[in-house]
Amino acid sequence: MTGNTHVVVIGGGYAGVMAANRLTGRGDVTVTLVNPRPEFVHRVRLHQPVGGSDEAVLAYRDVLAARVRLVTDSVTRIDTAGRGVTLASGDTRGYDDLIYAVGSHSAKPDVPGAAECAYPLATLEEARRLRAALDATPAAAPVTVVGAGATGIETAAELAEQGRTVTLVCGGVLGPNLHARARRSVARRLAALGVTVTDGPGSTVTAVDRDAVRLADGRELPSDVTVRTAGFGVPGLAARSRLSTDAAGRLLTDETLTSVDDPRVLAAGDAAAPSGQALRMCCLNATPLGARAADTVLSRIDGEEPGTVHQMFYAQCLSLGRADAVLQFANRSDVAVRAHVGGRLIARLKETICRSIPGSLSAEARKPGSFRLHQLPRGAAKRQKLLHASGPSAPATSDAAVNEATQRA
């Protein structure tokens, strides 16, 4: 490939910013980042605005390379034949290569009353609406958090530490991605904070009203504010643009993160499904995937064979209020193992991790190519073993519904 290459990156989260920054290492590449808001959302902190301990936003100038052109808008359609994108404003942008990093949002609820009476928590706007609702509610009023994955656990702990009366409804087990040993540790900490944990087969929510949550076993829990953290889905842009997706709507790619339909379209982050075996939706995976997608573009510009997806290390670090946390380790298939640690030291570690994530993005902006996590060789072997054991999933039709309940770390 000769001359200047224009790359459009859709989505300004961890994956999109990492990819955009990395691409600026070449003077013959221009980068446009399209994102619906003018500020970077630090999503691993998204539970903190709810409790008032952090705003979870940063200025893009702190994490994005100066050479990246930021367009505050939303992409409504990708025209692969014409190599262009249509924006909600009506403008269009052409591209030579496109990186699809649209992230994830709250899954569409299937429980009666949930859409009208519960507050989802997967975006900054949702966190701010929830915070406003809490500020307008007496401190002693009952709050119910539905969904006991990482987001639900962290939100329940954050609110309880602020003195709220909180019930955490699991719809099954507490922390389904945790090992039983870590789960017991989390349960003890939640109990110490005053959180009532409702778990077991009867804890599935069957209806949500303005002032109550109804469970499958017939119980009715009073709830002045109900928070819904039960699942995440991905935007339907790929499906609307007639690109192949998996059953959840994530863009289906090969192991270089290249779309199975178009060599000029790549995916990274929560909305990518390499070989039909998507990685867990989390920052730990999104940032390396962003770097990998950028490297694929750069390799092809140089006429070189691009590398493939590596993932070296799996773990989850959950905040349990400001003074405690748990670090859960996992195997190469991202399944929790017995090893975990918790306590005040881990809470400090979690805070250090949260601060280091924007640091890694800004470091890449200053020195493109400095991020190396996605290049660790052992991660390739782990990924190949997983693919060999699982086999690729068949692509869904491009009209696939975009809705999957999955837990975020």
# chains A, B, ... in the order shown; residues from 1 in each chain; ligands from 1
$ select_by_dssp --residues "range 216-299 of chain A" --states "alpha helix (DSSP H)" --output "PDB file with N, CA and C atoms, in the first residue's frame"
ATOM      1  N   LEU A 237     -24.889  -1.721  14.899  1.00  0.00           N
ATOM      2  CA  LEU A 237     -24.358  -1.086  13.695  1.00  0.00           C
ATOM      3  C   LEU A 237     -23.826  -2.103  12.692  1.00  0.00           C
ATOM      4  N   ALA A 238     -23.082  -3.087  13.138  1.00  0.00           N
ATOM      5  CA  ALA A 238     -22.533  -4.085  12.210  1.00  0.00           C
ATOM      6  C   ALA A 238     -23.650  -4.835  11.487  1.00  0.00           C
ATOM      7  N   ALA A 239     -24.660  -5.245  12.254  1.00  0.00           N
ATOM      8  CA  ALA A 239     -25.776  -5.972  11.646  1.00  0.00           C
ATOM      9  C   ALA A 239     -26.527  -5.098  10.644  1.00  0.00           C
ATOM     10  N   ARG A 240     -26.767  -3.834  11.008  1.00  0.00           N
ATOM     11  CA  ARG A 240     -27.466  -2.927  10.094  1.00  0.00           C
ATOM     12  C   ARG A 240     -26.662  -2.680   8.820  1.00  0.00           C
ATOM     13  N   CYS A 283     -12.111  -4.219  30.183  1.00  0.00           N
ATOM     14  CA  CYS A 283     -10.972  -3.398  29.802  1.00  0.00           C
ATOM     15  C   CYS A 283      -9.718  -4.239  29.594  1.00  0.00           C
ATOM     16  N   LEU A 284      -9.543  -5.284  30.410  1.00  0.00           N
ATOM     17  CA  LEU A 284      -8.372  -6.152  30.312  1.00  0.00           C
ATOM     18  C   LEU A 284      -8.237  -6.747  28.921  1.00  0.00           C
ATOM     19  N   ASN A 285      -9.349  -6.997  28.248  1.00  0.00           N
ATOM     20  CA  ASN A 285      -9.328  -7.517  26.891  1.00  0.00           C
ATOM     21  C   ASN A 285      -9.410  -6.417  25.841  1.00  0.00           C
ATOM     22  N   ALA A 286     -10.182  -5.357  26.108  1.00  0.00           N
ATOM     23  CA  ALA A 286     -10.415  -4.331  25.098  1.00  0.00           C
ATOM     24  C   ALA A 286      -9.142  -3.611  24.682  1.00  0.00           C
ATOM     25  N   THR A 287      -8.315  -3.236  25.645  1.00  0.00           N
ATOM     26  CA  THR A 287      -7.122  -2.458  25.315  1.00  0.00           C
ATOM     27  C   THR A 287      -6.140  -3.237  24.441  1.00  0.00           C
ATOM     28  N   PRO A 288      -5.778  -4.497  24.785  1.00  0.00           N
ATOM     29  CA  PRO A 288      -4.916  -5.261  23.879  1.00  0.00           C
ATOM     30  C   PRO A 288      -5.541  -5.512  22.508  1.00  0.00           C
ATOM     31  N   LEU A 289      -6.855  -5.701  22.457  1.00  0.00           N
ATOM     32  CA  LEU A 289      -7.503  -5.897  21.163  1.00  0.00           C
ATOM     33  C   LEU A 289      -7.401  -4.641  20.298  1.00  0.00           C
ATOM     34  N   GLY A 290      -7.487  -3.467  20.918  1.00  0.00           N
ATOM     35  CA  GLY A 290      -7.302  -2.228  20.178  1.00  0.00           C
ATOM     36  C   GLY A 290      -5.911  -2.132  19.575  1.00  0.00           C
ATOM     37  N   ALA A 291      -4.904  -2.516  20.374  1.00  0.00           N
ATOM     38  CA  ALA A 291      -3.527  -2.508  19.873  1.00  0.00           C
ATOM     39  C   ALA A 291      -3.342  -3.521  18.753  1.00  0.00           C
ATOM     40  N   ARG A 292      -3.954  -4.695  18.883  1.00  0.00           N
ATOM     41  CA  ARG A 292      -3.837  -5.734  17.861  1.00  0.00           C
ATOM     42  C   ARG A 292      -4.470  -5.287  16.544  1.00  0.00           C
ATOM     43  N   ALA A 293      -5.646  -4.652  16.606  1.00  0.00           N
ATOM     44  CA  ALA A 293      -6.297  -4.175  15.391  1.00  0.00           C
ATOM     45  C   ALA A 293      -5.429  -3.137  14.681  1.00  0.00           C
ATOM     46  N   ALA A 294      -4.847  -2.215  15.449  1.00  0.00           N
ATOM     47  CA  ALA A 294      -3.964  -1.215  14.849  1.00  0.00           C
ATOM     48  C   ALA A 294      -2.753  -1.876  14.215  1.00  0.00           C
ATOM     49  N   ASP A 295      -2.177  -2.857  14.884  1.00  0.00           N
ATOM     50  CA  ASP A 295      -1.009  -3.546  14.341  1.00  0.00           C
ATOM     51  C   ASP A 295      -1.342  -4.281  13.043  1.00  0.00           C
ATOM     52  N   THR A 296      -2.552  -4.817  12.953  1.00  0.00           N
ATOM     53  CA  THR A 296      -2.956  -5.477  11.703  1.00  0.00           C
ATOM     54  C   THR A 296      -2.966  -4.484  10.546  1.00  0.00           C
ATOM     55  N   VAL A 297      -3.530  -3.286  10.774  1.00  0.00           N
ATOM     56  CA  VAL A 297      -3.535  -2.250   9.736  1.00  0.00           C
ATOM     57  C   VAL A 297      -2.106  -1.884   9.347  1.00  0.00           C
ATOM     58  N   LEU A 298      -1.246  -1.658  10.341  1.00  0.00           N
ATOM     59  CA  LEU A 298       0.122  -1.232  10.074  1.00  0.00           C
ATOM     60  C   LEU A 298       0.920  -2.324   9.360  1.00  0.00           C
ATOM     61  N   SER A 299       0.699  -3.565   9.739  1.00  0.00           N
ATOM     62  CA  SER A 299       1.404  -4.671   9.079  1.00  0.00           C
ATOM     63  C   SER A 299       1.037  -4.738   7.601  1.00  0.00           C
TER      64      SER A 299
END
$ closest_atom_pairs --of "range 124-210 of chain A" --to "range 320-344 of chain A" --cutoff "7 Å" --atoms "only C-alpha atoms" --output "CSV"
residue,atom,partner,partner_atom,distance
A:Glu154,CA,A:Leu320,CA,5.7
A:Ala157,CA,A:Gly321,CA,5.0
A:Glu158,CA,A:Gly321,CA,4.8
A:Glu161,CA,A:Gly321,CA,6.1
A:Asn177,CA,A:Ala336,CA,6.4
A:Leu178,CA,A:Ala336,CA,5.6
A:His179,CA,A:Ala336,CA,5.2
A:Arg181,CA,A:Arg338,CA,6.5
A:Ala182,CA,A:His340,CA,6.3
$ closest_atom_pairs --of "range 243-362 of chain A" --to "range 142-150 of chain A" --cutoff "10 Å" --atoms "only C-alpha atoms" --output "Markdown table"
| residue | atom | partner | partner_atom | distance |
| --- | --- | --- | --- | --- |
| A:Gln316 | CA | A:Ala150 | CA | 8.6 |
| A:Cys317 | CA | A:Ala150 | CA | 8.8 |
| A:Leu318 | CA | A:Ala150 | CA | 6.4 |
| A:Ser319 | CA | A:Ala150 | CA | 8.6 |
| A:Leu320 | CA | A:Ala150 | CA | 10.0 |
$ write_last_selection --atoms "C-alpha atoms" --output "PDB file, in the first residue's frame"
ATOM      1  CA  GLN A 316     -10.969  -9.827  37.759  1.00  0.00           C
ATOM      2  CA  CYS A 317     -10.505  -7.175  40.417  1.00  0.00           C
ATOM      3  CA  LEU A 318     -13.759  -6.146  42.104  1.00  0.00           C
ATOM      4  CA  SER A 319     -14.156  -3.132  44.354  1.00  0.00           C
ATOM      5  CA  LEU A 320     -16.091  -3.790  47.550  1.00  0.00           C
TER       6      LEU A 320
END
$ closest_atom_pairs --of "range 144-213 of chain A" --to "range 116-137 of chain A" --cutoff "8 Å" --atoms "only C-alpha atoms" --output "tab-separated table"
residue	atom	partner	partner_atom	distance
A:Val208	CA	A:Cys117	CA	6.3
A:Asp209	CA	A:Cys117	CA	5.9
A:Arg210	CA	A:Cys117	CA	5.4
$ residues_around --residues "range 270-276 of chain A" --least-positions-apart "2" --cutoff "7 Å" --atoms "only C-alpha atoms" --output "mmCIF file with all heavy atoms, in the first residue's frame"
data_model
loop_
_atom_site.group_PDB
_atom_site.id
_atom_site.type_symbol
_atom_site.label_atom_id
_atom_site.label_comp_id
_atom_site.auth_asym_id
_atom_site.auth_seq_id
_atom_site.Cartn_x
_atom_site.Cartn_y
_atom_site.Cartn_z
ATOM 1 N N ALA A 101 -14.950 -0.318 16.986
ATOM 2 C CA ALA A 101 -14.711 -0.443 18.430
ATOM 3 C C ALA A 101 -15.844 0.236 19.190
ATOM 4 O O ALA A 101 -15.623 1.083 20.060
ATOM 5 C CB ALA A 101 -13.361 0.181 18.790
ATOM 6 N N VAL A 102 -17.068 -0.160 18.882
ATOM 7 C CA VAL A 102 -18.257 0.529 19.389
ATOM 8 C C VAL A 102 -18.587 0.194 20.839
ATOM 9 O O VAL A 102 -19.466 0.809 21.440
ATOM 10 C CB VAL A 102 -19.480 0.242 18.496
ATOM 11 C CG1 VAL A 102 -19.264 0.783 17.101
ATOM 12 C CG2 VAL A 102 -19.788 -1.262 18.445
ATOM 13 N N GLY A 103 -17.912 -0.788 21.420
ATOM 14 C CA GLY A 103 -18.133 -1.108 22.824
ATOM 15 C C GLY A 103 -19.440 -1.836 23.077
ATOM 16 O O GLY A 103 -19.960 -2.553 22.223
ATOM 17 N N SER A 104 -20.000 -1.619 24.261
ATOM 18 C CA SER A 104 -21.217 -2.328 24.670
ATOM 19 C C SER A 104 -22.128 -1.381 25.433
ATOM 20 O O SER A 104 -21.730 -0.296 25.846
ATOM 21 C CB SER A 104 -20.864 -3.541 25.535
ATOM 22 O OG SER A 104 -20.116 -3.138 26.669
ATOM 23 N N VAL A 234 -24.365 -5.368 22.568
ATOM 24 C CA VAL A 234 -23.554 -4.504 21.722
ATOM 25 C C VAL A 234 -24.463 -3.767 20.742
ATOM 26 O O VAL A 234 -25.549 -4.241 20.413
ATOM 27 C CB VAL A 234 -22.476 -5.300 20.951
ATOM 28 C CG1 VAL A 234 -21.521 -5.981 21.916
ATOM 29 C CG2 VAL A 234 -23.100 -6.327 20.018
ATOM 30 N N ASP A 246 -21.780 -12.501 15.272
ATOM 31 C CA ASP A 246 -22.135 -13.690 16.045
ATOM 32 C C ASP A 246 -23.566 -13.506 16.564
ATOM 33 O O ASP A 246 -24.239 -12.533 16.240
ATOM 34 C CB ASP A 246 -21.117 -13.952 17.162
ATOM 35 C CG ASP A 246 -21.155 -12.911 18.284
ATOM 36 O OD1 ASP A 246 -21.976 -11.959 18.219
ATOM 37 O OD2 ASP A 246 -20.353 -13.043 19.226
ATOM 38 N N ARG A 250 -21.909 -9.130 17.756
ATOM 39 C CA ARG A 250 -20.516 -8.688 17.646
ATOM 40 C C ARG A 250 -19.976 -9.005 16.255
ATOM 41 O O ARG A 250 -20.302 -10.041 15.674
ATOM 42 C CB ARG A 250 -19.666 -9.374 18.713
ATOM 43 C CG ARG A 250 -20.000 -8.913 20.122
ATOM 44 C CD ARG A 250 -19.303 -9.726 21.175
ATOM 45 N NE ARG A 250 -19.831 -11.082 21.221
ATOM 46 C CZ ARG A 250 -19.928 -11.809 22.331
ATOM 47 N NH1 ARG A 250 -19.543 -11.297 23.483
ATOM 48 N NH2 ARG A 250 -20.406 -13.029 22.298
ATOM 49 N N LEU A 251 -19.139 -8.133 15.739
ATOM 50 C CA LEU A 251 -18.587 -8.306 14.406
ATOM 51 C C LEU A 251 -17.696 -9.539 14.360
ATOM 52 O O LEU A 251 -16.763 -9.680 15.142
ATOM 53 C CB LEU A 251 -17.783 -7.065 14.009
ATOM 54 C CG LEU A 251 -17.210 -7.053 12.588
ATOM 55 C CD1 LEU A 251 -18.334 -7.027 11.563
ATOM 56 C CD2 LEU A 251 -16.300 -5.845 12.410
ATOM 57 N N LEU A 252 -17.983 -10.425 13.431
ATOM 58 C CA LEU A 252 -17.245 -11.675 13.323
ATOM 59 C C LEU A 252 -15.954 -11.439 12.538
ATOM 60 O O LEU A 252 -15.979 -10.917 11.420
ATOM 61 C CB LEU A 252 -18.101 -12.730 12.634
ATOM 62 C CG LEU A 252 -17.627 -14.179 12.728
ATOM 63 C CD1 LEU A 252 -17.634 -14.652 14.171
ATOM 64 C CD2 LEU A 252 -18.523 -15.070 11.873
ATOM 65 N N THR A 253 -14.822 -11.840 13.116
ATOM 66 C CA THR A 253 -13.518 -11.622 12.504
ATOM 67 C C THR A 253 -12.701 -12.905 12.529
ATOM 68 O O THR A 253 -13.060 -13.887 13.183
ATOM 69 C CB THR A 253 -12.712 -10.540 13.248
ATOM 70 O OG1 THR A 253 -12.186 -11.072 14.475
ATOM 71 C CG2 THR A 253 -13.558 -9.312 13.541
ATOM 72 N N ASP A 254 -11.533 -12.851 11.836
ATOM 73 C CA ASP A 254 -10.541 -13.913 12.001
ATOM 74 C C ASP A 254 -9.646 -13.557 13.184
ATOM 75 O O ASP A 254 -9.927 -12.603 13.929
ATOM 76 C CB ASP A 254 -9.749 -14.132 10.708
ATOM 77 C CG ASP A 254 -8.939 -12.908 10.287
ATOM 78 O OD1 ASP A 254 -8.726 -11.996 11.116
ATOM 79 O OD2 ASP A 254 -8.497 -12.864 9.119
ATOM 80 N N GLU A 255 -8.551 -14.287 13.343
ATOM 81 C CA GLU A 255 -7.692 -14.064 14.505
ATOM 82 C C GLU A 255 -6.812 -12.817 14.384
ATOM 83 O O GLU A 255 -6.155 -12.425 15.340
ATOM 84 C CB GLU A 255 -6.819 -15.300 14.760
ATOM 85 C CG GLU A 255 -7.587 -16.470 15.356
ATOM 86 C CD GLU A 255 -8.101 -16.176 16.757
ATOM 87 O OE1 GLU A 255 -7.275 -16.061 17.688
ATOM 88 O OE2 GLU A 255 -9.335 -16.044 16.911
ATOM 89 N N LEU A 257 -8.282 -10.034 13.699
ATOM 90 C CA LEU A 257 -9.358 -9.075 13.970
ATOM 91 C C LEU A 257 -9.911 -8.444 12.701
ATOM 92 O O LEU A 257 -10.572 -7.407 12.745
ATOM 93 C CB LEU A 257 -8.902 -7.989 14.966
ATOM 94 C CG LEU A 257 -8.512 -8.499 16.355
ATOM 95 C CD1 LEU A 257 -8.109 -7.346 17.261
ATOM 96 C CD2 LEU A 257 -9.654 -9.281 16.990
ATOM 97 N N ALA A 267 -12.187 -5.195 13.867
ATOM 98 C CA ALA A 267 -12.960 -4.964 15.086
ATOM 99 C C ALA A 267 -12.059 -5.110 16.302
ATOM 100 O O ALA A 267 -11.058 -5.831 16.273
ATOM 101 C CB ALA A 267 -14.127 -5.940 15.185
ATOM 102 N N ALA A 268 -12.430 -4.419 17.378
ATOM 103 C CA ALA A 268 -11.673 -4.510 18.628
ATOM 104 C C ALA A 268 -12.602 -4.212 19.793
ATOM 105 O O ALA A 268 -13.585 -3.482 19.657
ATOM 106 C CB ALA A 268 -10.503 -3.525 18.627
ATOM 107 N N ALA A 278 -15.580 -14.855 21.217
ATOM 108 C CA ALA A 278 -15.341 -13.532 21.777
ATOM 109 C C ALA A 278 -14.730 -13.625 23.160
ATOM 110 O O ALA A 278 -15.026 -14.543 23.934
ATOM 111 C CB ALA A 278 -16.646 -12.758 21.831
ATOM 112 N N MET A 281 -16.200 -9.277 27.951
ATOM 113 C CA MET A 281 -16.312 -7.831 27.821
ATOM 114 C C MET A 281 -15.665 -7.155 29.031
ATOM 115 O O MET A 281 -16.241 -7.128 30.118
ATOM 116 C CB MET A 281 -17.777 -7.416 27.710
ATOM 117 C CG MET A 281 -18.461 -7.880 26.439
ATOM 118 S SD MET A 281 -20.187 -7.322 26.403
ATOM 119 C CE MET A 281 -20.712 -7.929 24.795
ATOM 120 N N ALA A 286 -10.182 -5.357 26.108
ATOM 121 C CA ALA A 286 -10.415 -4.331 25.098
ATOM 122 C C ALA A 286 -9.142 -3.611 24.682
ATOM 123 O O ALA A 286 -8.903 -3.392 23.481
ATOM 124 C CB ALA A 286 -11.441 -3.322 25.615
ATOM 125 N N PRO A 392 -14.601 -22.826 16.119
ATOM 126 C CA PRO A 392 -15.259 -21.565 15.815
ATOM 127 C C PRO A 392 -16.770 -21.705 15.750
ATOM 128 O O PRO A 392 -17.296 -22.733 15.345
ATOM 129 C CB PRO A 392 -14.672 -21.183 14.442
ATOM 130 C CG PRO A 392 -14.290 -22.500 13.830
ATOM 131 C CD PRO A 392 -13.840 -23.374 14.976
ATOM 132 N N SER A 393 -17.435 -20.650 16.142
ATOM 133 C CA SER A 393 -18.897 -20.620 16.056
ATOM 134 C C SER A 393 -19.313 -20.149 14.671
ATOM 135 O O SER A 393 -18.617 -19.387 14.028
ATOM 136 C CB SER A 393 -19.467 -19.661 17.108
ATOM 137 O OG SER A 393 -19.153 -20.103 18.411
ATOM 138 N N ALA A 394 -20.461 -20.608 14.227
ATOM 139 C CA ALA A 394 -20.966 -20.163 12.926
ATOM 140 C C ALA A 394 -21.444 -18.724 13.030
ATOM 141 O O ALA A 394 -21.995 -18.320 14.046
ATOM 142 C CB ALA A 394 -22.114 -21.064 12.490
#
$ select_by_dssp --residues "range 50-285 of chain A" --states "strand (DSSP E or B)" --output "MDAnalysis selection string"
chainID A and resid 57:59 68:72 75:79 84:87 92:94 97:100 105:106 118:120 142:146 165:169 196:198 205:208 212:215 220:222 225:228 232:233 245 251:253 258:259 265:267 272:274
$ closest_residue --among "A:Ala363, A:Val44, A:Ala247, A:Ala160" --to "Ala65 in chain A" --atoms "only C-alpha atoms"
A:Ala363
$ closest_residue --among "A:Thr308, A:Ser241, A:Thr167, A:Ser356" --to "Asp79 in chain A" --atoms "only C-alpha atoms"
A:Ser241
$ atom_distance --atom1 "CA of Ala19 in chain A" --atom2 "CA of Val57 in chain A"
19.3 Å
$ closest_residue --among "A:Leu279, A:Val227, A:Cys170, A:Leu376" --to "Ala114 in chain A" --atoms "only C-alpha atoms"
A:Val227
$ residues_around --residues "Ala140 in chain A" --least-positions-apart "3" --cutoff "10 Å" --atoms "only C-alpha atoms" --output "ChimeraX atom specification"
/A:137,143,163-166,224
$ atom_distance --atom1 "CA of Gln375 in chain A" --atom2 "CA of Val309 in chain A"
8.5 Å
$ atom_distance --atom1 "CA of Ala187 in chain A" --atom2 "CA of Arg348 in chain A"
20.0 Å
$ residues_around --residues "Ser203 in chain A" --least-positions-apart "6" --cutoff "8 Å" --atoms "only C-alpha atoms" --output "PyMOL selection string"
chain A and resi 169-172+215-217
$ write_last_selection --atoms "N, CA, C and O atoms" --output "PDB file, in the first residue's frame"
ATOM      1  N   VAL A 169     -30.017  -8.548  44.346  1.00  0.00           N
ATOM      2  CA  VAL A 169     -30.773  -9.700  43.853  1.00  0.00           C
ATOM      3  C   VAL A 169     -29.931 -10.401  42.791  1.00  0.00           C
ATOM      4  O   VAL A 169     -29.626  -9.828  41.746  1.00  0.00           O
ATOM      5  N   CYS A 170     -29.597 -11.659  43.049  1.00  0.00           N
ATOM      6  CA  CYS A 170     -28.626 -12.361  42.212  1.00  0.00           C
ATOM      7  C   CYS A 170     -29.231 -13.034  40.986  1.00  0.00           C
ATOM      8  O   CYS A 170     -28.548 -13.200  39.972  1.00  0.00           O
ATOM      9  N   GLY A 171     -30.473 -13.476  41.068  1.00  0.00           N
ATOM     10  CA  GLY A 171     -31.029 -14.247  39.957  1.00  0.00           C
ATOM     11  C   GLY A 171     -30.331 -15.578  39.786  1.00  0.00           C
ATOM     12  O   GLY A 171     -30.334 -16.174  38.713  1.00  0.00           O
ATOM     13  N   GLY A 172     -29.738 -16.068  40.832  1.00  0.00           N
ATOM     14  CA  GLY A 172     -28.940 -17.296  40.813  1.00  0.00           C
ATOM     15  C   GLY A 172     -27.890 -17.192  41.898  1.00  0.00           C
ATOM     16  O   GLY A 172     -28.210 -16.978  43.062  1.00  0.00           O
ATOM     17  N   LEU A 215     -40.087 -11.440  42.782  1.00  0.00           N
ATOM     18  CA  LEU A 215     -39.194 -12.556  42.496  1.00  0.00           C
ATOM     19  C   LEU A 215     -39.979 -13.809  42.130  1.00  0.00           C
ATOM     20  O   LEU A 215     -41.176 -13.922  42.408  1.00  0.00           O
ATOM     21  N   ALA A 216     -39.275 -14.765  41.547  1.00  0.00           N
ATOM     22  CA  ALA A 216     -39.906 -15.989  41.061  1.00  0.00           C
ATOM     23  C   ALA A 216     -40.527 -16.804  42.182  1.00  0.00           C
ATOM     24  O   ALA A 216     -41.506 -17.536  41.958  1.00  0.00           O
ATOM     25  N   ASP A 217     -39.969 -16.716  43.393  1.00  0.00           N
ATOM     26  CA  ASP A 217     -40.511 -17.501  44.501  1.00  0.00           C
ATOM     27  C   ASP A 217     -41.678 -16.813  45.202  1.00  0.00           C
ATOM     28  O   ASP A 217     -42.144 -17.258  46.252  1.00  0.00           O
TER      29      ASP A 217
END
$ closest_residue --among "A:Ser106, A:Arg188, A:His374, A:Arg83" --to "His310 in chain A" --atoms "only C-alpha atoms"
A:His374
$ decode --residues "range 337-389 of chain A" --atoms "C-alpha atoms" --output "short mmCIF file (atom, residue, chain, number, x, y, z; two decimals), in the first residue's frame"
data_model
loop_
_atom_site.label_atom_id
_atom_site.label_comp_id
_atom_site.auth_asym_id
_atom_site.auth_seq_id
_atom_site.Cartn_x
_atom_site.Cartn_y
_atom_site.Cartn_z
CA VAL A 337 -9.59 -20.72 39.82
CA ARG A 338 -9.15 -21.08 43.58
CA ALA A 339 -6.49 -18.38 43.77
CA HIS A 340 -7.78 -15.04 44.99
CA VAL A 341 -6.73 -12.32 47.40
CA GLY A 342 -8.65 -9.54 49.10
CA GLY A 343 -8.54 -6.78 51.67
CA ARG A 344 -7.34 -3.20 51.95
CA LEU A 345 -4.14 -3.87 50.05
CA ILE A 346 -6.14 -5.15 47.08
CA ALA A 347 -8.39 -2.09 47.30
CA ARG A 348 -5.27 0.04 46.91
CA LEU A 349 -4.16 -2.22 44.06
CA LYS A 350 -7.53 -1.75 42.33
CA GLU A 351 -7.18 2.00 42.63
CA THR A 352 -3.67 1.78 41.18
CA ILE A 353 -5.02 -0.30 38.27
CA CYS A 354 -7.80 2.21 37.64
CA ARG A 355 -5.27 5.04 37.52
CA SER A 356 -2.85 3.08 35.32
CA ILE A 357 -5.37 2.36 32.54
CA PRO A 358 -5.59 5.97 31.29
CA GLY A 359 -1.84 6.11 31.85
CA SER A 360 -1.28 3.30 29.37
CA LEU A 361 -3.41 5.13 26.80
CA SER A 362 -1.61 8.43 27.27
CA ALA A 363 1.75 6.61 27.14
CA GLU A 364 0.76 5.15 23.77
CA ALA A 365 -0.26 8.64 22.62
CA ARG A 366 3.17 9.99 23.53
CA LYS A 367 5.09 7.00 22.17
CA PRO A 368 3.05 4.92 19.70
CA GLY A 369 4.05 1.27 19.79
CA SER A 370 5.07 1.29 23.45
CA PHE A 371 2.13 -0.92 24.58
CA ARG A 372 3.25 -4.58 24.52
CA LEU A 373 0.74 -6.67 26.45
CA HIS A 374 -0.89 -8.07 23.31
CA GLN A 375 2.48 -9.30 21.99
CA LEU A 376 3.45 -11.60 24.86
CA PRO A 377 4.19 -14.94 23.15
CA ARG A 378 2.60 -17.27 25.69
CA GLY A 379 -0.79 -15.70 25.08
CA ALA A 380 -0.83 -17.02 21.52
CA ALA A 381 -0.45 -20.61 22.67
CA LYS A 382 -3.24 -20.16 25.21
CA ARG A 383 -5.55 -18.74 22.57
CA GLN A 384 -4.84 -21.57 20.13
CA LYS A 385 -5.59 -24.19 22.79
CA LEU A 386 -8.91 -22.49 23.49
CA LEU A 387 -9.83 -22.40 19.80
CA HIS A 388 -8.82 -26.02 19.32
CA ALA A 389 -10.96 -27.06 22.29
#
